[in-house]
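Enquirer: Contents of coords.txt (compact mmCIF, C-alpha atoms) are below:
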# COMPACT_ATOMS: atom_id res chain seq x y z
CA ASP A 1 101.21 88.24 97.01
CA ALA A 2 98.24 87.98 94.65
CA GLY A 3 97.37 91.67 94.72
CA ILE A 4 94.26 91.19 96.83
CA THR A 5 92.46 94.14 98.31
CA GLN A 6 89.38 94.11 100.48
CA SER A 7 86.98 96.95 101.10
CA PRO A 8 86.01 98.30 103.44
CA ARG A 9 88.69 97.35 105.94
CA HIS A 10 86.49 98.23 108.89
CA LYS A 11 82.73 98.58 109.17
CA VAL A 12 80.26 99.06 111.98
CA THR A 13 76.62 98.48 111.17
CA GLU A 14 73.33 97.81 112.89
CA THR A 15 71.34 94.61 113.11
CA GLY A 16 69.01 94.15 110.16
CA THR A 17 70.93 96.27 107.65
CA PRO A 18 72.38 94.83 104.44
CA VAL A 19 76.16 94.80 104.10
CA THR A 20 78.37 94.08 101.10
CA LEU A 21 82.06 93.33 101.33
CA ARG A 22 84.25 93.48 98.26
CA CYS A 23 87.31 91.46 97.30
CA HIS A 24 89.39 92.55 94.34
CA GLN A 25 92.35 90.68 92.85
CA THR A 26 94.79 91.63 90.11
CA GLU A 27 96.36 88.22 89.35
CA ASN A 28 93.54 86.66 87.34
CA HIS A 29 93.26 83.71 89.74
CA ARG A 30 90.35 81.45 88.91
CA TYR A 31 89.33 80.43 92.42
CA MET A 32 88.19 82.84 95.11
CA TYR A 33 87.06 82.20 98.68
CA TRP A 34 85.40 84.01 101.55
CA TYR A 35 86.27 82.98 105.13
CA ARG A 36 85.33 84.31 108.51
CA GLN A 37 87.69 84.19 111.46
CA ASP A 38 86.49 84.00 115.04
CA PRO A 39 88.43 83.25 118.22
CA GLY A 40 88.76 79.53 118.84
CA HIS A 41 87.49 78.60 115.36
CA GLY A 42 90.36 79.35 113.03
CA LEU A 43 89.04 80.28 109.60
CA ARG A 44 85.78 78.86 108.31
CA LEU A 45 84.73 78.86 104.68
CA ILE A 46 81.56 80.81 103.85
CA HIS A 47 81.34 80.61 100.05
CA TYR A 48 83.70 80.06 97.18
CA SER A 49 83.85 80.63 93.44
CA TYR A 50 85.44 78.45 90.77
CA GLY A 51 84.86 80.90 87.95
CA VAL A 52 82.78 83.84 86.80
CA LYS A 53 79.17 83.26 87.88
CA ASP A 54 80.15 79.88 89.37
CA THR A 55 79.82 79.80 93.15
CA ASP A 56 79.07 77.27 95.86
CA LYS A 57 78.42 77.11 99.58
CA GLY A 58 81.00 76.49 102.23
CA GLU A 59 80.80 75.35 105.81
CA VAL A 60 79.00 78.40 107.28
CA SER A 61 76.98 79.87 104.41
CA ASP A 62 73.66 80.60 106.17
CA GLY A 63 72.88 84.33 106.10
CA TYR A 64 75.42 85.06 103.35
CA SER A 65 75.28 85.31 99.58
CA VAL A 66 77.99 85.94 97.01
CA SER A 67 78.34 87.12 93.45
CA ARG A 68 81.12 87.05 90.90
CA SER A 69 80.35 88.92 87.71
CA LYS A 70 83.98 89.25 86.62
CA THR A 71 87.20 87.41 87.42
CA GLU A 72 88.71 90.09 89.58
CA ASP A 73 85.80 90.80 91.93
CA PHE A 74 84.06 88.57 94.48
CA LEU A 75 81.34 90.16 96.60
CA LEU A 76 80.02 88.87 99.92
CA THR A 77 76.59 90.12 101.01
CA LEU A 78 74.91 89.88 104.36
CA GLU A 79 71.27 90.40 103.45
CA SER A 80 70.24 91.31 107.00
CA ALA A 81 73.18 91.53 109.37
CA THR A 82 72.99 89.90 112.79
CA SER A 83 75.27 90.23 115.81
CA SER A 84 76.49 86.66 115.25
CA GLN A 85 78.03 87.87 111.99
CA THR A 86 80.42 90.16 113.84
CA SER A 87 83.75 88.78 112.70
CA VAL A 88 86.84 89.34 110.61
CA TYR A 89 86.26 88.36 106.99
CA PHE A 90 89.06 87.22 104.70
CA CYS A 91 89.08 86.78 100.98
CA ALA A 92 91.51 84.37 99.32
CA THR A 93 92.44 83.36 95.80
CA ARG A 94 94.05 80.31 94.26
CA THR A 95 95.23 79.15 90.85
CA PRO A 96 94.18 75.70 89.56
CA SER A 97 97.75 74.42 89.58
CA THR A 98 98.42 74.74 93.30
CA ASP A 99 96.77 74.34 96.71
CA THR A 100 98.31 77.58 97.92
CA GLN A 101 95.77 80.23 98.85
CA TYR A 102 96.66 83.91 98.96
CA PHE A 103 94.77 85.95 101.49
CA GLY A 104 93.68 89.55 101.55
CA PRO A 105 94.20 91.82 104.57
CA GLY A 106 90.72 91.21 105.99
CA THR A 107 87.63 93.26 106.85
CA ARG A 108 86.62 93.73 110.47
CA LEU A 109 82.82 93.86 110.67
CA THR A 110 80.94 94.78 113.83
CA VAL A 111 77.16 94.36 113.94
CA LEU A 112 75.56 96.21 116.83
CA THR B 113 83.64 68.01 108.47
CA GLN B 114 86.94 66.34 109.23
CA LEU B 115 88.36 68.42 112.01
CA LEU B 116 91.92 69.45 112.65
CA GLU B 117 92.86 69.82 116.30
CA GLN B 118 95.72 72.15 117.12
CA SER B 119 97.57 72.29 120.41
CA PRO B 120 98.37 74.23 122.38
CA GLN B 121 95.95 77.08 121.63
CA PHE B 122 98.15 79.63 123.39
CA LEU B 123 101.86 79.69 124.04
CA SER B 124 103.88 82.41 125.73
CA ILE B 125 107.63 81.87 125.92
CA GLN B 126 110.88 83.75 126.36
CA GLU B 127 113.18 84.57 123.48
CA GLY B 128 115.60 81.73 122.83
CA GLU B 129 113.31 78.91 123.95
CA ASN B 130 112.18 76.07 121.70
CA LEU B 131 108.57 75.11 121.08
CA THR B 132 106.42 72.63 119.22
CA VAL B 133 102.90 73.07 117.87
CA TYR B 134 100.80 70.05 116.95
CA CYS B 135 98.06 69.49 114.39
CA ASN B 136 96.08 66.24 114.62
CA SER B 137 93.20 64.60 112.82
CA SER B 138 91.38 61.29 113.04
CA SER B 139 91.43 61.07 109.25
CA VAL B 140 94.20 60.64 106.74
CA PHE B 141 94.82 63.67 104.58
CA SER B 142 96.74 63.94 101.35
CA SER B 143 98.61 67.10 102.27
CA LEU B 144 98.78 69.67 104.99
CA GLN B 145 99.67 73.33 104.97
CA TRP B 146 101.01 75.58 107.69
CA TYR B 147 100.17 79.29 107.64
CA ARG B 148 101.35 82.16 109.81
CA GLN B 149 99.19 85.20 110.47
CA GLU B 150 100.31 88.49 111.97
CA PRO B 151 97.86 90.88 113.66
CA GLY B 152 95.80 92.85 111.15
CA GLU B 153 96.89 90.75 108.19
CA GLY B 154 95.79 87.65 106.35
CA PRO B 155 97.47 84.25 106.72
CA VAL B 156 100.59 83.58 104.68
CA LEU B 157 101.64 80.09 103.61
CA LEU B 158 104.81 78.77 105.27
CA VAL B 159 104.98 75.24 103.89
CA THR B 160 103.04 72.35 102.39
CA VAL B 161 103.84 68.76 103.43
CA VAL B 162 102.67 65.94 101.22
CA THR B 163 104.53 62.68 101.95
CA GLY B 164 104.14 60.66 105.15
CA GLY B 165 107.26 61.10 107.30
CA GLU B 166 108.31 64.19 105.37
CA VAL B 167 110.40 66.81 107.16
CA LYS B 168 110.83 70.33 105.81
CA LYS B 169 112.95 73.10 107.24
CA LEU B 170 112.51 76.82 106.86
CA LYS B 171 115.35 78.52 108.73
CA ARG B 172 114.57 77.88 112.43
CA LEU B 173 111.22 76.24 111.67
CA THR B 174 110.96 72.47 111.18
CA PHE B 175 107.75 70.93 109.84
CA GLN B 176 107.02 67.24 110.07
CA PHE B 177 104.23 65.16 108.53
CA GLY B 178 103.35 62.01 110.44
CA ASP B 179 104.03 58.62 108.88
CA ALA B 180 100.31 57.83 108.84
CA ARG B 181 99.48 61.29 107.43
CA LYS B 182 97.09 62.04 110.28
CA ASP B 183 99.22 64.52 112.16
CA SER B 184 101.83 67.22 111.71
CA SER B 185 104.06 69.32 113.91
CA LEU B 186 105.84 72.64 113.72
CA HIS B 187 108.98 73.05 115.80
CA ILE B 188 110.65 76.43 116.28
CA THR B 189 114.21 76.53 117.55
CA ALA B 190 115.47 79.51 119.53
CA ALA B 191 112.28 81.51 119.14
CA GLN B 192 112.54 85.23 118.49
CA PRO B 193 110.02 88.05 119.06
CA GLY B 194 109.53 88.19 115.30
CA ASP B 195 108.03 84.69 115.45
CA THR B 196 105.07 86.07 117.39
CA GLY B 197 101.81 85.41 115.58
CA LEU B 198 99.01 82.96 114.94
CA TYR B 199 100.02 79.63 113.42
CA LEU B 200 97.37 77.71 111.51
CA CYS B 201 97.39 74.27 110.00
CA ALA B 202 95.03 73.48 107.13
CA ARG B 203 94.15 70.55 104.93
CA SER B 204 92.77 70.70 101.42
CA GLY B 205 89.29 69.52 100.61
CA ASN B 206 87.43 69.40 97.35
CA THR B 207 88.04 72.19 94.81
CA GLY B 208 90.92 73.50 96.90
CA LYS B 209 88.79 74.39 99.91
CA LEU B 210 90.87 74.60 103.05
CA ILE B 211 89.82 73.22 106.43
CA PHE B 212 91.68 75.01 109.21
CA GLY B 213 92.62 74.09 112.71
CA GLN B 214 91.71 76.53 115.49
CA GLY B 215 95.17 78.04 115.47
CA THR B 216 97.99 78.47 117.99
CA THR B 217 98.72 81.96 119.25
CA LEU B 218 102.43 82.33 119.97
CA GLN B 219 103.90 85.17 121.96
CA VAL B 220 107.68 85.39 122.22
CA LYS B 221 108.86 87.82 124.87
CA PRO B 222 112.21 89.62 124.51
Could you spell out this file's structure in structure tokens?
Expert:
Amino acid sequence: DAGITQSPRHKVTETGTPVTLRCHQTENHRYMYWYRQDPGHGLRLIHYSYGVKDTDKGEVSDGYSVSRSKTEDFLLTLESATSSQTSVYFCATRTPSTDTQYFGPGTRLTVL
Amino acid sequence: TQLLEQSPQFLSIQEGENLTVYCNSSSVFSSLQWYRQEPGEGPVLLVTVVTGGEVKKLKRLTFQFGDARKDSSLHITAAQPGDTGLYLCARSGNTGKLIFGQGTTLQVKP
């Protein structure tokens, strides 16, 4: 358990609105990740961070941006939400010394 | 993207039965992880296998890494309702990024 919280846990929004999801960790882990989970696709990496202000794209980054201004917080922003972004979003953290990732409880996002 | 193929995608069995879940790739990978996810929660790591031919046991769960390091299996003996969940295999990429299989949904009926 890496003390990961995600907020909000559930959100319903309309197409075209901006949405920001927050991931907060208490273990001072250097690496942080955002995944989305959809039926039949497992988890797919959206963006990741390897330090404060250091981020990079993952497999499905189009339509998403991230920011990390301090170690404990990693924000995922949908600039203009679309129905295809309806999904469950998971944040994860990792320390440099291991491949183990610790996941948060997820945020269920519905875009109408 | 080097894909991981999991099979079966769905499995519904009675309590006490045995089952095996497979994770296959066309590429060699250096290590493979198995995660378990319960409804409404994030995945939790069960095990990491690193060496070709390696076998690891976690109570009634047996994990095997293929000799050629292209495949892995998870075998559950005498399944119980508490084993119900989504089982995911994943391989590490650069900077610790994980590439997941599609997952196997297991339902164990009492």
Enquirer: Which of these, B:Ser119, B:Thr174, B:Asn130, B:Gln145, has the shortest distance to chain A once you count all atoms listed in the file?
Expert: B:Gln145
Enquirer: Show me, as JSON, numbers by chain, the residues that have an atom within 6 Å of stretch 46-57 of chain A when counting all atoms listed in the file, minus same-chain residues fewer than 2 positions from it.
Expert: {"A": [30, 31, 32, 33, 34, 35, 59, 60, 61, 68, 69, 70, 71]}
Enquirer: Counting all atoms listed in the file, which residue out of A:Gln37, A:Ser80, A:Thr98, A:Ser65 sits closest to B:Leu198?
Expert: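 Going through A:Gln37, A:Ser80, A:Thr98, A:Ser65 one by one, the smallest distance to B:Leu198 is for A:Gln37.
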Enquirer: Using atom CA of A:Val12 and atom CA of A:Arg108 as the two end points, give the distance in Å to one decimal.
Expert: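 Rounded to one decimal, the two atoms are 8.4 Å apart.
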Enquirer: Check every residue of chain B for an atom within 9 Å of chain A, counting all atoms listed in the file, and provide those that qualify as a PDB file with C-alpha atoms, in the frame of the given file.
Expert:
ATOM      1  CA  THR B 113      83.640  68.010 108.470  1.00  0.00           C
ATOM      2  CA  GLN B 121      95.950  77.080 121.630  1.00  0.00           C
ATOM      3  CA  GLN B 145      99.670  73.330 104.970  1.00  0.00           C
ATOM      4  CA  GLY B 152      95.800  92.850 111.150  1.00  0.00           C
ATOM      5  CA  GLU B 153      96.890  90.750 108.190  1.00  0.00           C
ATOM      6  CA  GLY B 154      95.790  87.650 106.350  1.00  0.00           C
ATOM      7  CA  PRO B 155      97.470  84.250 106.720  1.00  0.00           C
ATOM      8  CA  VAL B 156     100.590  83.580 104.680  1.00  0.00           C
ATOM      9  CA  LEU B 157     101.640  80.090 103.610  1.00  0.00           C
ATOM     10  CA  THR B 160     103.040  72.350 102.390  1.00  0.00           C
ATOM     11  CA  LEU B 200      97.370  77.710 111.510  1.00  0.00           C
ATOM     12  CA  SER B 204      92.770  70.700 101.420  1.00  0.00           C
ATOM     13  CA  THR B 207      88.040  72.190  94.810  1.00  0.00           C
ATOM     14  CA  GLY B 208      90.920  73.500  96.900  1.00  0.00           C
ATOM     15  CA  LYS B 209      88.790  74.390  99.910  1.00  0.00           C
ATOM     16  CA  LEU B 210      90.870  74.600 103.050  1.00  0.00           C
ATOM     17  CA  ILE B 211      89.820  73.220 106.430  1.00  0.00           C
ATOM     18  CA  PHE B 212      91.680  75.010 109.210  1.00  0.00           C
ATOM     19  CA  GLY B 213      92.620  74.090 112.710  1.00  0.00           C
ATOM     20  CA  GLN B 214      91.710  76.530 115.490  1.00  0.00           C
ATOM     21  CA  GLY B 215      95.170  78.040 115.470  1.00  0.00           C
TER      22      GLY B 215
END
Enquirer: In Å, how far is it from atom CA of A:Thr82 to atom CA of A:Cys23?
Expert: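 Answer for the atom CA of A:Thr82 to atom CA of A:Cys23 separation: 21.2 Å.
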Enquirer: Under the rule that all atoms listed in the file are counted, which of B:Cys135, B:Leu116, B:Ile125, B:Val161 is the nearest residue to B:Ala190?
Expert: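 Of all the options, B:Ile125 lies closest to B:Ala190.
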Enquirer: Compute the distance from (106.5, 85.1, 118.9) to each atom, counting only C-alpha atoms, keep the residues with any atom at most 10 Å away, and return them as a list in words; use the coordinates of the file.
Expert: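 Nearby residues: Leu123, Ser124, Ile125, Gln126, Glu127, Glu150, Ile188, Ala191, Gln192, Pro193, Gly194, Asp195, Thr196, Gly197, Leu198, Thr217, Leu218, Gln219, Val220, Lys221 and Pro222 of chain B.
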Enquirer: Write a file of the just-selected residues containing C-alpha atoms, as an mmCIF file, in the coordinates of the input.
Expert:
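Saved the output as part.cif:
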data_model
loop_
_atom_site.group_PDB
_atom_site.id
_atom_site.type_symbol
_atom_site.label_atom_id
_atom_site.label_comp_id
_atom_site.auth_asym_id
_atom_site.auth_seq_id
_atom_site.Cartn_x
_atom_site.Cartn_y
_atom_site.Cartn_z
ATOM 1 C CA LEU B 123 101.860 79.690 124.040
ATOM 2 C CA SER B 124 103.880 82.410 125.730
ATOM 3 C CA ILE B 125 107.630 81.870 125.920
ATOM 4 C CA GLN B 126 110.880 83.750 126.360
ATOM 5 C CA GLU B 127 113.180 84.570 123.480
ATOM 6 C CA GLU B 150 100.310 88.490 111.970
ATOM 7 C CA ILE B 188 110.650 76.430 116.280
ATOM 8 C CA ALA B 191 112.280 81.510 119.140
ATOM 9 C CA GLN B 192 112.540 85.230 118.490
ATOM 10 C CA PRO B 193 110.020 88.050 119.060
ATOM 11 C CA GLY B 194 109.530 88.190 115.300
ATOM 12 C CA ASP B 195 108.030 84.690 115.450
ATOM 13 C CA THR B 196 105.070 86.070 117.390
ATOM 14 C CA GLY B 197 101.810 85.410 115.580
ATOM 15 C CA LEU B 198 99.010 82.960 114.940
ATOM 16 C CA THR B 217 98.720 81.960 119.250
ATOM 17 C CA LEU B 218 102.430 82.330 119.970
ATOM 18 C CA GLN B 219 103.900 85.170 121.960
ATOM 19 C CA VAL B 220 107.680 85.390 122.220
ATOM 20 C CA LYS B 221 108.860 87.820 124.870
ATOM 21 C CA PRO B 222 112.210 89.620 124.510
#
Enquirer: Complete stretch 11-36 of chain A at the level of N, CA, C and O atoms, written as a compact mmCIF listing (two decimals), keeping the file's coordinate frame.
Expert:
# COMPACT_ATOMS: atom_id res chain seq x y z
N LYS A 11 84.09 98.11 109.30
CA LYS A 11 82.73 98.58 109.17
C LYS A 11 81.96 98.26 110.43
O LYS A 11 82.07 97.17 110.97
N VAL A 12 81.19 99.24 110.87
CA VAL A 12 80.26 99.06 111.98
C VAL A 12 78.86 99.30 111.43
O VAL A 12 78.62 100.31 110.77
N THR A 13 77.97 98.36 111.69
CA THR A 13 76.62 98.48 111.17
C THR A 13 75.62 98.01 112.22
O THR A 13 76.01 97.52 113.28
N GLU A 14 74.36 98.20 111.93
CA GLU A 14 73.33 97.81 112.89
C GLU A 14 72.61 96.55 112.43
O GLU A 14 72.53 96.25 111.23
N THR A 15 72.10 95.83 113.39
CA THR A 15 71.34 94.61 113.11
C THR A 15 70.23 94.90 112.13
O THR A 15 69.52 95.90 112.26
N GLY A 16 70.09 94.03 111.13
CA GLY A 16 69.01 94.15 110.16
C GLY A 16 69.38 94.89 108.89
O GLY A 16 68.62 94.86 107.92
N THR A 17 70.53 95.53 108.85
CA THR A 17 70.93 96.27 107.65
C THR A 17 71.69 95.35 106.70
O THR A 17 72.38 94.42 107.13
N PRO A 18 71.59 95.60 105.40
CA PRO A 18 72.38 94.83 104.44
C PRO A 18 73.82 95.36 104.39
O PRO A 18 74.06 96.56 104.56
N VAL A 19 74.75 94.44 104.17
CA VAL A 19 76.16 94.80 104.10
C VAL A 19 76.81 94.05 102.94
O VAL A 19 76.54 92.85 102.77
N THR A 20 77.62 94.74 102.17
CA THR A 20 78.37 94.08 101.10
C THR A 20 79.85 94.34 101.27
O THR A 20 80.27 95.49 101.43
N LEU A 21 80.61 93.25 101.27
CA LEU A 21 82.06 93.33 101.33
C LEU A 21 82.62 92.97 99.96
O LEU A 21 82.12 92.07 99.30
N ARG A 22 83.69 93.69 99.60
CA ARG A 22 84.25 93.48 98.26
C ARG A 22 85.67 92.93 98.35
O ARG A 22 86.47 93.36 99.18
N CYS A 23 85.96 91.99 97.47
CA CYS A 23 87.31 91.46 97.30
C CYS A 23 87.71 91.68 95.86
O CYS A 23 86.98 91.30 94.94
N HIS A 24 88.90 92.26 95.67
CA HIS A 24 89.39 92.55 94.34
C HIS A 24 90.79 91.98 94.19
O HIS A 24 91.63 92.16 95.06
N GLN A 25 91.03 91.26 93.09
CA GLN A 25 92.35 90.68 92.85
C GLN A 25 92.85 91.09 91.47
O GLN A 25 92.07 91.33 90.55
N THR A 26 94.18 91.16 91.36
CA THR A 26 94.79 91.63 90.11
C THR A 26 95.54 90.53 89.37
O THR A 26 96.14 90.78 88.33
N GLU A 27 95.52 89.29 89.91
CA GLU A 27 96.36 88.22 89.35
C GLU A 27 95.59 87.26 88.46
O GLU A 27 96.15 86.27 88.00
N ASN A 28 94.32 87.51 88.23
CA ASN A 28 93.54 86.66 87.34
C ASN A 28 93.42 85.22 87.84
O ASN A 28 93.32 84.27 87.06
N HIS A 29 93.43 85.04 89.18
CA HIS A 29 93.26 83.71 89.74
C HIS A 29 91.83 83.24 89.57
O HIS A 29 90.88 84.01 89.79
N ARG A 30 91.68 81.98 89.22
CA ARG A 30 90.35 81.45 88.91
C ARG A 30 89.49 81.28 90.16
O ARG A 30 88.30 81.56 90.17
N TYR A 31 90.11 80.75 91.23
CA TYR A 31 89.33 80.43 92.42
C TYR A 31 89.38 81.57 93.43
O TYR A 31 90.43 82.15 93.67
N MET A 32 88.24 81.83 94.05
CA MET A 32 88.19 82.84 95.11
C MET A 32 87.33 82.32 96.26
O MET A 32 86.39 81.55 96.03
N TYR A 33 87.69 82.74 97.46
CA TYR A 33 87.06 82.20 98.68
C TYR A 33 86.75 83.33 99.65
O TYR A 33 87.50 84.30 99.74
N TRP A 34 85.70 83.15 100.41
CA TRP A 34 85.40 84.01 101.55
C TRP A 34 85.40 83.16 102.82
O TRP A 34 84.72 82.14 102.89
N TYR A 35 86.19 83.62 103.82
CA TYR A 35 86.27 82.98 105.13
C TYR A 35 85.87 83.99 106.19
O TYR A 35 86.02 85.19 106.01
N ARG A 36 85.45 83.48 107.31
CA ARG A 36 85.33 84.31 108.51
C ARG A 36 86.23 83.72 109.58
O ARG A 36 86.44 82.49 109.65
